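Structure file upload25.pdb (PDB, C-alpha atoms) follows.
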```
ATOM      1  CA  MET A   1     -42.105 196.146-154.001
ATOM      2  CA  ILE A   2     -44.538 193.282-153.388
ATOM      3  CA  ALA A   3     -45.314 191.037-156.344
ATOM      4  CA  VAL A   4     -48.923 189.839-156.280
ATOM      5  CA  ILE A   5     -48.758 186.750-158.462
ATOM      6  CA  ASP A   6     -51.160 186.984-161.391
ATOM      7  CA  TYR A   7     -52.692 183.741-162.610
ATOM      8  CA  ASP A   8     -56.317 184.774-163.225
ATOM      9  CA  THR A   9     -57.839 183.494-159.976
ATOM     10  CA  GLY A  10     -60.388 186.167-159.222
ATOM     11  CA  ASN A  11     -60.824 189.789-158.290
ATOM     12  CA  ILE A  12     -57.915 191.052-156.193
ATOM     13  CA  ARG A  13     -58.919 194.716-156.123
ATOM     14  CA  ASN A  14     -59.691 194.643-152.394
ATOM     15  CA  LEU A  15     -56.331 193.021-151.674
ATOM     16  CA  ILE A  16     -54.438 195.701-153.603
ATOM     17  CA  LYS A  17     -56.385 198.421-151.762
ATOM     18  CA  ALA A  18     -55.543 196.822-148.398
ATOM     19  CA  LEU A  19     -51.855 196.616-149.312
ATOM     20  CA  ASP A  20     -51.909 200.281-150.306
ATOM     21  CA  TYR A  21     -53.548 201.144-146.976
ATOM     22  CA  VAL A  22     -50.775 199.500-144.909
ATOM     23  CA  GLY A  23     -48.065 201.022-147.087
ATOM     24  CA  LEU A  24     -47.041 197.974-149.096
ATOM     25  CA  GLU A  25     -46.365 199.025-152.680
ATOM     26  CA  SER A  26     -47.434 196.194-154.953
ATOM     27  CA  GLN A  27     -47.769 195.146-158.562
ATOM     28  CA  LEU A  28     -49.852 192.399-160.125
ATOM     29  CA  THR A  29     -47.486 190.360-162.258
ATOM     30  CA  ALA A  30     -46.802 187.010-163.868
ATOM     31  CA  ASP A  31     -43.316 188.047-165.015
ATOM     32  CA  PRO A  32     -40.674 185.696-163.556
ATOM     33  CA  ALA A  33     -38.022 188.427-163.439
ATOM     34  CA  GLU A  34     -40.308 190.759-161.501
ATOM     35  CA  ILE A  35     -41.301 187.978-159.106
ATOM     36  CA  LEU A  36     -37.693 187.024-158.395
ATOM     37  CA  ALA A  37     -36.709 190.680-157.916
ATOM     38  CA  ALA A  38     -39.555 191.420-155.490
ATOM     39  CA  ASP A  39     -39.113 192.155-151.788
ATOM     40  CA  GLY A  40     -42.081 189.898-150.984
ATOM     41  CA  LEU A  41     -44.681 187.791-152.742
ATOM     42  CA  ILE A  42     -48.402 187.274-152.298
ATOM     43  CA  LEU A  43     -50.192 184.303-153.825
ATOM     44  CA  PRO A  44     -53.937 185.024-153.776
ATOM     45  CA  GLY A  45     -56.601 182.670-155.013
ATOM     46  CA  VAL A  46     -60.222 181.621-155.183
ATOM     47  CA  GLY A  47     -61.718 178.587-156.877
ATOM     48  CA  ALA A  48     -60.502 175.027-157.378
ATOM     49  CA  PHE A  49     -57.061 173.709-156.432
ATOM     50  CA  ALA A  50     -56.353 171.739-159.640
ATOM     51  CA  LYS A  51     -57.386 174.581-161.932
ATOM     52  CA  ALA A  52     -55.196 177.006-160.004
ATOM     53  CA  MET A  53     -52.151 174.718-160.223
ATOM     54  CA  GLU A  54     -52.810 174.275-163.939
ATOM     55  CA  ALA A  55     -52.889 178.050-164.393
ATOM     56  CA  LEU A  56     -49.580 178.423-162.543
ATOM     57  CA  ASP A  57     -48.060 175.638-164.645
ATOM     58  CA  GLN A  58     -49.249 177.183-167.916
ATOM     59  CA  ARG A  59     -47.459 180.395-166.961
ATOM     60  CA  ASN A  60     -44.318 178.458-165.885
ATOM     61  CA  LEU A  61     -44.655 180.019-162.436
ATOM     62  CA  ILE A  62     -44.311 176.899-160.285
ATOM     63  CA  PRO A  63     -40.486 176.734-160.446
ATOM     64  CA  VAL A  64     -40.309 180.526-160.179
ATOM     65  CA  ILE A  65     -42.250 180.544-156.895
ATOM     66  CA  GLN A  66     -40.164 177.656-155.568
ATOM     67  CA  GLN A  67     -36.958 179.453-156.531
ATOM     68  CA  ALA A  68     -38.127 182.655-154.841
ATOM     69  CA  VAL A  69     -38.788 180.781-151.600
ATOM     70  CA  HIS A  70     -35.362 179.142-151.862
ATOM     71  CA  ARG A  71     -33.933 182.680-152.024
ATOM     72  CA  GLN A  72     -35.780 183.434-148.754
ATOM     73  CA  ILE A  73     -38.150 185.975-150.325
ATOM     74  CA  PRO A  74     -41.182 186.142-147.970
ATOM     75  CA  LEU A  75     -44.292 184.555-149.465
ATOM     76  CA  LEU A  76     -47.860 184.971-148.215
ATOM     77  CA  GLY A  77     -50.546 182.651-149.566
ATOM     78  CA  ILE A  78     -54.163 183.743-149.037
ATOM     79  CA  CYS A  79     -57.201 181.421-149.025
ATOM     80  CA  LEU A  80     -56.718 179.067-152.003
ATOM     81  CA  GLY A  81     -53.243 180.580-152.298
ATOM     82  CA  MET A  82     -52.473 179.169-148.838
ATOM     83  CA  GLN A  83     -53.714 175.728-149.843
ATOM     84  CA  LEU A  84     -51.501 175.706-152.936
ATOM     85  CA  LEU A  85     -48.441 175.972-150.669
ATOM     86  CA  PHE A  86     -48.932 172.387-149.465
ATOM     87  CA  GLU A  87     -47.826 169.080-150.939
ATOM     88  CA  ARG A  88     -51.141 167.690-152.195
ATOM     89  CA  SER A  89     -54.892 168.292-152.281
ATOM     90  CA  GLU A  90     -57.819 165.877-152.209
ATOM     91  CA  GLU A  91     -60.181 168.359-153.878
ATOM     92  CA  PHE A  92     -61.864 166.576-156.826
ATOM     93  CA  GLY A  93     -59.156 163.907-156.977
ATOM     94  CA  ASP A  94     -55.532 163.884-155.908
ATOM     95  CA  HIS A  95     -53.401 166.799-157.055
ATOM     96  CA  ALA A  96     -49.853 167.989-156.394
ATOM     97  CA  GLY A  97     -49.334 171.424-154.873
ATOM     98  CA  LEU A  98     -46.265 173.633-154.693
ATOM     99  CA  GLY A  99     -44.708 171.447-151.987
ATOM    100  CA  LEU A 100     -43.485 174.391-149.916
ATOM    101  CA  LEU A 101     -45.239 173.232-146.733
ATOM    102  CA  PRO A 102     -45.821 169.684-145.430
ATOM    103  CA  GLY A 103     -49.430 168.498-145.429
ATOM    104  CA  ARG A 104     -52.541 167.723-147.474
ATOM    105  CA  ILE A 105     -55.652 169.711-148.289
ATOM    106  CA  LYS A 106     -58.825 167.867-147.207
ATOM    107  CA  ALA A 107     -62.557 168.528-147.299
ATOM    108  CA  ILE A 108     -64.163 170.062-144.210
ATOM    109  CA  PRO A 109     -66.472 167.367-142.770
ATOM    110  CA  ALA A 110     -70.095 168.466-143.100
ATOM    111  CA  THR A 111     -72.364 167.971-140.086
ATOM    112  CA  ALA A 112     -75.950 168.821-139.225
ATOM    113  CA  GLU A 113     -74.701 171.771-137.170
ATOM    114  CA  LEU A 114     -71.962 173.060-139.467
ATOM    115  CA  LYS A 115     -72.528 173.835-143.117
ATOM    116  CA  VAL A 116     -69.866 173.604-145.788
ATOM    117  CA  PRO A 117     -68.468 175.886-147.076
ATOM    118  CA  GLU A 118     -67.476 177.718-143.933
ATOM    119  CA  MET A 119     -68.560 181.239-144.760
ATOM    120  CA  GLY A 120     -68.265 184.090-142.313
ATOM    121  CA  TRP A 121     -66.342 185.138-139.220
ATOM    122  CA  ASN A 122     -64.536 182.734-136.884
ATOM    123  CA  GLN A 123     -62.320 183.269-133.853
ATOM    124  CA  ASN A 124     -58.611 182.524-133.994
ATOM    125  CA  ARG A 125     -56.737 180.644-131.303
ATOM    126  CA  VAL A 126     -52.973 181.150-131.374
ATOM    127  CA  PHE A 127     -50.642 178.179-130.855
ATOM    128  CA  ASP A 128     -47.280 179.761-131.669
ATOM    129  CA  LYS A 129     -47.050 182.775-129.394
ATOM    130  CA  ALA A 130     -43.554 183.545-130.679
ATOM    131  CA  SER A 131     -44.849 184.209-134.194
ATOM    132  CA  GLN A 132     -44.808 187.762-135.498
ATOM    133  CA  PHE A 133     -48.520 187.271-136.280
ATOM    134  CA  ALA A 134     -49.507 186.068-132.793
ATOM    135  CA  GLN A 135     -50.397 189.365-131.147
ATOM    136  CA  SER A 136     -52.595 190.524-134.026
ATOM    137  CA  ALA A 137     -54.437 187.190-134.295
ATOM    138  CA  THR A 138     -54.990 186.144-130.656
ATOM    139  CA  GLY A 139     -58.703 185.866-129.952
ATOM    140  CA  GLN A 140     -59.574 187.849-133.059
ATOM    141  CA  TYR A 141     -62.238 187.092-135.655
ATOM    142  CA  THR A 142     -61.343 186.868-139.342
ATOM    143  CA  TYR A 143     -63.439 186.235-142.453
ATOM    144  CA  PHE A 144     -63.464 182.796-144.106
ATOM    145  CA  VAL A 145     -64.940 181.383-147.326
ATOM    146  CA  HIS A 146     -63.720 177.827-147.968
ATOM    147  CA  SER A 147     -64.686 174.163-148.177
ATOM    148  CA  TYR A 148     -61.230 172.613-147.712
ATOM    149  CA  TYR A 149     -58.564 172.935-145.031
ATOM    150  CA  ALA A 150     -54.924 172.051-144.425
ATOM    151  CA  ASP A 151     -54.186 168.825-142.557
ATOM    152  CA  CYS A 152     -50.625 169.623-141.521
ATOM    153  CA  PRO A 153     -48.104 169.239-138.675
ATOM    154  CA  GLN A 154     -48.885 171.172-135.510
ATOM    155  CA  ALA A 155     -45.382 172.641-135.628
ATOM    156  CA  ILE A 156     -46.266 174.925-138.532
ATOM    157  CA  ILE A 157     -49.694 176.040-137.240
ATOM    158  CA  THR A 158     -49.505 179.590-135.908
ATOM    159  CA  ALA A 159     -53.263 179.898-135.325
ATOM    160  CA  GLY A 160     -56.413 177.902-135.907
ATOM    161  CA  VAL A 161     -60.186 178.027-135.682
ATOM    162  CA  ASP A 162     -62.731 175.418-134.632
ATOM    163  CA  TYR A 163     -65.163 174.327-137.329
ATOM    164  CA  GLY A 164     -65.879 170.736-136.389
ATOM    165  CA  VAL A 165     -62.169 170.072-136.865
ATOM    166  CA  LEU A 166     -59.161 172.259-136.140
ATOM    167  CA  ILE A 167     -58.722 174.383-139.218
ATOM    168  CA  PRO A 168     -55.307 176.046-139.464
ATOM    169  CA  SER A 169     -55.989 179.721-140.102
ATOM    170  CA  ILE A 170     -52.360 180.884-140.152
ATOM    171  CA  VAL A 171     -49.446 178.601-140.981
ATOM    172  CA  GLN A 172     -45.787 179.475-141.176
ATOM    173  CA  GLN A 173     -42.511 177.764-141.934
ATOM    174  CA  ASP A 174     -39.540 180.108-142.187
ATOM    175  CA  ASN A 175     -40.345 182.692-144.888
ATOM    176  CA  VAL A 176     -43.533 180.959-146.097
ATOM    177  CA  VAL A 177     -46.822 182.096-144.537
ATOM    178  CA  GLY A 178     -50.392 181.089-145.297
ATOM    179  CA  MET A 179     -53.676 182.649-144.198
ATOM    180  CA  GLN A 180     -56.802 180.574-144.827
ATOM    181  CA  PHE A 181     -59.036 183.607-144.236
ATOM    182  CA  HIS A 182     -59.122 186.793-146.304
ATOM    183  CA  PRO A 183     -57.145 189.498-144.455
ATOM    184  CA  GLU A 184     -58.377 192.093-146.958
ATOM    185  CA  LYS A 185     -61.963 191.314-145.859
ATOM    186  CA  SER A 186     -61.194 191.011-142.128
ATOM    187  CA  ALA A 187     -61.445 194.683-141.177
ATOM    188  CA  THR A 188     -58.880 196.100-138.730
ATOM    189  CA  VAL A 189     -57.567 192.664-137.756
ATOM    190  CA  GLY A 190     -56.738 191.836-141.352
ATOM    191  CA  LEU A 191     -54.922 195.126-141.827
ATOM    192  CA  LYS A 192     -52.859 194.449-138.700
ATOM    193  CA  LEU A 193     -51.890 191.041-140.053
ATOM    194  CA  LEU A 194     -50.881 192.530-143.397
ATOM    195  CA  THR A 195     -48.807 195.057-141.441
ATOM    196  CA  ASP A 196     -47.122 192.115-139.682
ATOM    197  CA  PHE A 197     -46.277 190.692-143.121
ATOM    198  CA  LYS A 198     -44.925 194.114-144.085
ATOM    199  CA  ARG A 199     -42.534 193.913-141.111
ATOM    200  CA  MET A 200     -41.488 190.424-142.205
ATOM    201  CA  VAL A 201     -40.703 191.787-145.672
ATOM    202  CA  GLN A 202     -38.713 194.672-144.194
ATOM    203  CA  THR A 203     -36.651 192.251-142.128
ATOM    204  CA  TYR A 204     -35.822 190.355-145.318
ATOM    205  CA  VAL A 205     -34.906 193.556-147.154
ATOM    206  CA  ASP A 206     -32.647 194.665-144.296
ATOM    207  CA  SER A 207     -30.889 191.283-144.269
ATOM    208  CA  ARG A 208     -30.325 191.466-148.019
ATOM    209  CA  ASN A 209     -28.810 194.950-147.984
TER     210      ASN A 209
END
```
Please express what this file holds, its structure, as structure tokens.
Amino acid sequence: MIAVIDYDTGNIRNLIKALDYVGLESQLTADPAEILAADGLILPGVGAFAKAMEALDQRNLIPVIQQAVHRQIPLLGICLGMQLLFERSEEFGDHAGLGLLPGRIKAIPATAELKVPEMGWNQNRVFDKASQFAQSATGQYTYFVHSYYADCPQAIITAGVDYGVLIPSIVQQDNVVGMQFHPEKSATVGLKLLTDFKRMVQTYVDSRN
């Protein structure tokens, strides 16, 4: 069972449908016991970083998510959910994140040629060819809607896209994965990447049994 963490950050209907399609049984929950008992976690999100962290804090979910990661439960953060995995964000001030990945969230520099937010399809370039997500992402286009990006160590960047700066599109450190794009809106490529996460979850389940 996949726990999709519920903290009122937007419509996740398409995500649930995509998980169903790839055979990942899921439940939307803010219950700590259900989260800690899950085979894998997904942290979705749209909107502002500080408001999202406040919502997680109000539900006492910050230590629960951190504890789950400590237990090696696979965690996938999507869009804003990916950004929350990092140490801090510069969006509308300076705000602490979950601290699960090293790095800061910064504004995408606006230029005459590139509008912010980045909205639409962009092509992924894979840096970590050993990653379980590499084959599905290499050279593929995925769908983005965001104004901020992760400034983080190259060592945790699985894939990235060019949008004036290198924007990490997939990051990974051990059992923690982030996707800046929306896999549920990225057609066949997104479904393949969710299937890769499904395999990651199965590996965890097998190791636990």
Could you tell me which residues the PyMOL selection byres ((chain A and resi 25) around 9) grabs in this file, written as a ChimeraX atom specification? /A:1-3,16,19-20,22-24,26-27
Excluding Val4 of chain A and any residue of its chain fewer than 3 positions from it, enumerate the residues within 7 Å of it, using only C-alpha atoms, and give them as a PyMOL selection string. chain A and resi 26-29+41-43
Go through A:Val46, A:Leu85, A:Leu193, A:Ala52 one by one, measure the shortest atom-to-atom distance of each to Ile12 of chain A using all atoms listed in the file, and give the residue with the smallest value.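 Result for the nearest residue to Ile12 of chain A: A:Val46.
For Thr142 of chain A, the residues within 6 Å (counting all atoms listed in the file, excluding itself and residues fewer than 2 positions away along the chain) are Trp121, Asn122 and Ser186 of chain A.
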For atom CA of Glu113 of chain A and atom CA of Leu166 of chain A, the interatomic separation in Å (one decimal):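 Going from atom CA of Glu113 of chain A over to atom CA of Leu166 of chain A, I get 15.6 Å.
Of the residues under consideration (A:Tyr148, A:Gly97, A:Gly81, A:Ser131), A:Gly81 shows the shortest atom-to-atom contact distance to Met179 of chain A when counting all atoms listed in the file.
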Report, as lines of an AutoDock Vina configuration file, the centre and edge lengths in Å (one decimal) of the axis-aligned box enclosing every listed atom of segment 107-121 of chain A, padded by 5 Å on each side.
```
center_x = -69.3
center_y = 176.3
center_z = -142.2
size_x = 23.4
size_y = 27.8
size_z = 20.1
```
Decode the PyMOL selection byres ((chain A and resi 83) around 12) for the given file into explicit residues and return them as a ChimeraX atom specification. /A:43-50,52-53,76-82,84-91,95-107,146-152,167-171,177-181
Now that the selection is made, can you save its residues with C-alpha atoms as a short mmCIF file (atom, residue, chain, number, x, y, z; two decimals), in the coordinates of the input?
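Written output follows (part_36.cif):
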```cif
data_model
loop_
_atom_site.label_atom_id
_atom_site.label_comp_id
_atom_site.auth_asym_id
_atom_site.auth_seq_id
_atom_site.Cartn_x
_atom_site.Cartn_y
_atom_site.Cartn_z
CA LEU A 43 -50.19 184.30 -153.82
CA PRO A 44 -53.94 185.02 -153.78
CA GLY A 45 -56.60 182.67 -155.01
CA VAL A 46 -60.22 181.62 -155.18
CA GLY A 47 -61.72 178.59 -156.88
CA ALA A 48 -60.50 175.03 -157.38
CA PHE A 49 -57.06 173.71 -156.43
CA ALA A 50 -56.35 171.74 -159.64
CA ALA A 52 -55.20 177.01 -160.00
CA MET A 53 -52.15 174.72 -160.22
CA LEU A 76 -47.86 184.97 -148.22
CA GLY A 77 -50.55 182.65 -149.57
CA ILE A 78 -54.16 183.74 -149.04
CA CYS A 79 -57.20 181.42 -149.02
CA LEU A 80 -56.72 179.07 -152.00
CA GLY A 81 -53.24 180.58 -152.30
CA MET A 82 -52.47 179.17 -148.84
CA LEU A 84 -51.50 175.71 -152.94
CA LEU A 85 -48.44 175.97 -150.67
CA PHE A 86 -48.93 172.39 -149.46
CA GLU A 87 -47.83 169.08 -150.94
CA ARG A 88 -51.14 167.69 -152.20
CA SER A 89 -54.89 168.29 -152.28
CA GLU A 90 -57.82 165.88 -152.21
CA GLU A 91 -60.18 168.36 -153.88
CA HIS A 95 -53.40 166.80 -157.06
CA ALA A 96 -49.85 167.99 -156.39
CA GLY A 97 -49.33 171.42 -154.87
CA LEU A 98 -46.26 173.63 -154.69
CA GLY A 99 -44.71 171.45 -151.99
CA LEU A 100 -43.48 174.39 -149.92
CA LEU A 101 -45.24 173.23 -146.73
CA PRO A 102 -45.82 169.68 -145.43
CA GLY A 103 -49.43 168.50 -145.43
CA ARG A 104 -52.54 167.72 -147.47
CA ILE A 105 -55.65 169.71 -148.29
CA LYS A 106 -58.82 167.87 -147.21
CA ALA A 107 -62.56 168.53 -147.30
CA HIS A 146 -63.72 177.83 -147.97
CA SER A 147 -64.69 174.16 -148.18
CA TYR A 148 -61.23 172.61 -147.71
CA TYR A 149 -58.56 172.94 -145.03
CA ALA A 150 -54.92 172.05 -144.43
CA ASP A 151 -54.19 168.82 -142.56
CA CYS A 152 -50.62 169.62 -141.52
CA ILE A 167 -58.72 174.38 -139.22
CA PRO A 168 -55.31 176.05 -139.46
CA SER A 169 -55.99 179.72 -140.10
CA ILE A 170 -52.36 180.88 -140.15
CA VAL A 171 -49.45 178.60 -140.98
CA VAL A 177 -46.82 182.10 -144.54
CA GLY A 178 -50.39 181.09 -145.30
CA MET A 179 -53.68 182.65 -144.20
CA GLN A 180 -56.80 180.57 -144.83
CA PHE A 181 -59.04 183.61 -144.24
#
```
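Computed from the coordinates, the atom CA of Leu56 of chain A to atom CA of Asn11 of chain A distance equals 16.5 Å.
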Could you name the residues that touch Gln132 of chain A at 10 Å or less, counting only C-alpha atoms, but leaving out those on the same chain fewer than 4 positions away, as a list in words? Asp128, Ser136, Ala137, Thr158, Leu193, Asp196, Phe197, Arg199 and Met200 of chain A
Keeping only C-alpha atoms, take the residues you just selected and write them out as a short mmCIF file (atom, residue, chain, number, x, y, z; two decimals), keeping the file's coordinate frame.
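That gives us out_0.cif:
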```
data_model
loop_
_atom_site.label_atom_id
_atom_site.label_comp_id
_atom_site.auth_asym_id
_atom_site.auth_seq_id
_atom_site.Cartn_x
_atom_site.Cartn_y
_atom_site.Cartn_z
CA ASP A 128 -47.28 179.76 -131.67
CA SER A 136 -52.60 190.52 -134.03
CA ALA A 137 -54.44 187.19 -134.29
CA THR A 158 -49.50 179.59 -135.91
CA LEU A 193 -51.89 191.04 -140.05
CA ASP A 196 -47.12 192.12 -139.68
CA PHE A 197 -46.28 190.69 -143.12
CA ARG A 199 -42.53 193.91 -141.11
CA MET A 200 -41.49 190.42 -142.21
#
```
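Reported to one decimal place, the separation of atom CA of Asp31 of chain A from atom CA of Lys51 of chain A is 19.7 Å.
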Is there a way to get, as a VMD selection string, all residues within 9 Å of the point (-45.5, 182.0, -159.5) in file coordinates, counting only C-alpha atoms? chain A and resid 5 to 7 30 to 32 35 41 43 56 to 57 59 to 66 68
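Excluding Asn14 of chain A and any residue on its chain fewer than 4 positions from it, the residues at most 10 Å away by all atoms listed in the file are A:Ala18, A:Leu19, A:Asp20, A:His182, A:Pro183, A:Glu184, A:Lys185.
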Keeping only C-alpha atoms, write the selected residues to a file as a tab-separated table (two decimals), in the coordinates of the input.
```tsv
chain	number	residue	atom	x	y	z
A	18	ALA	CA	-55.54	196.82	-148.40
A	19	LEU	CA	-51.86	196.62	-149.31
A	20	ASP	CA	-51.91	200.28	-150.31
A	182	HIS	CA	-59.12	186.79	-146.30
A	183	PRO	CA	-57.14	189.50	-144.46
A	184	GLU	CA	-58.38	192.09	-146.96
A	185	LYS	CA	-61.96	191.31	-145.86
```
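Proximity ranking of A:Gln58, A:Gly164, A:Val189, A:Ile156 relative to Ala112 of chain A places A:Gly164 first, based on only C-alpha atoms.
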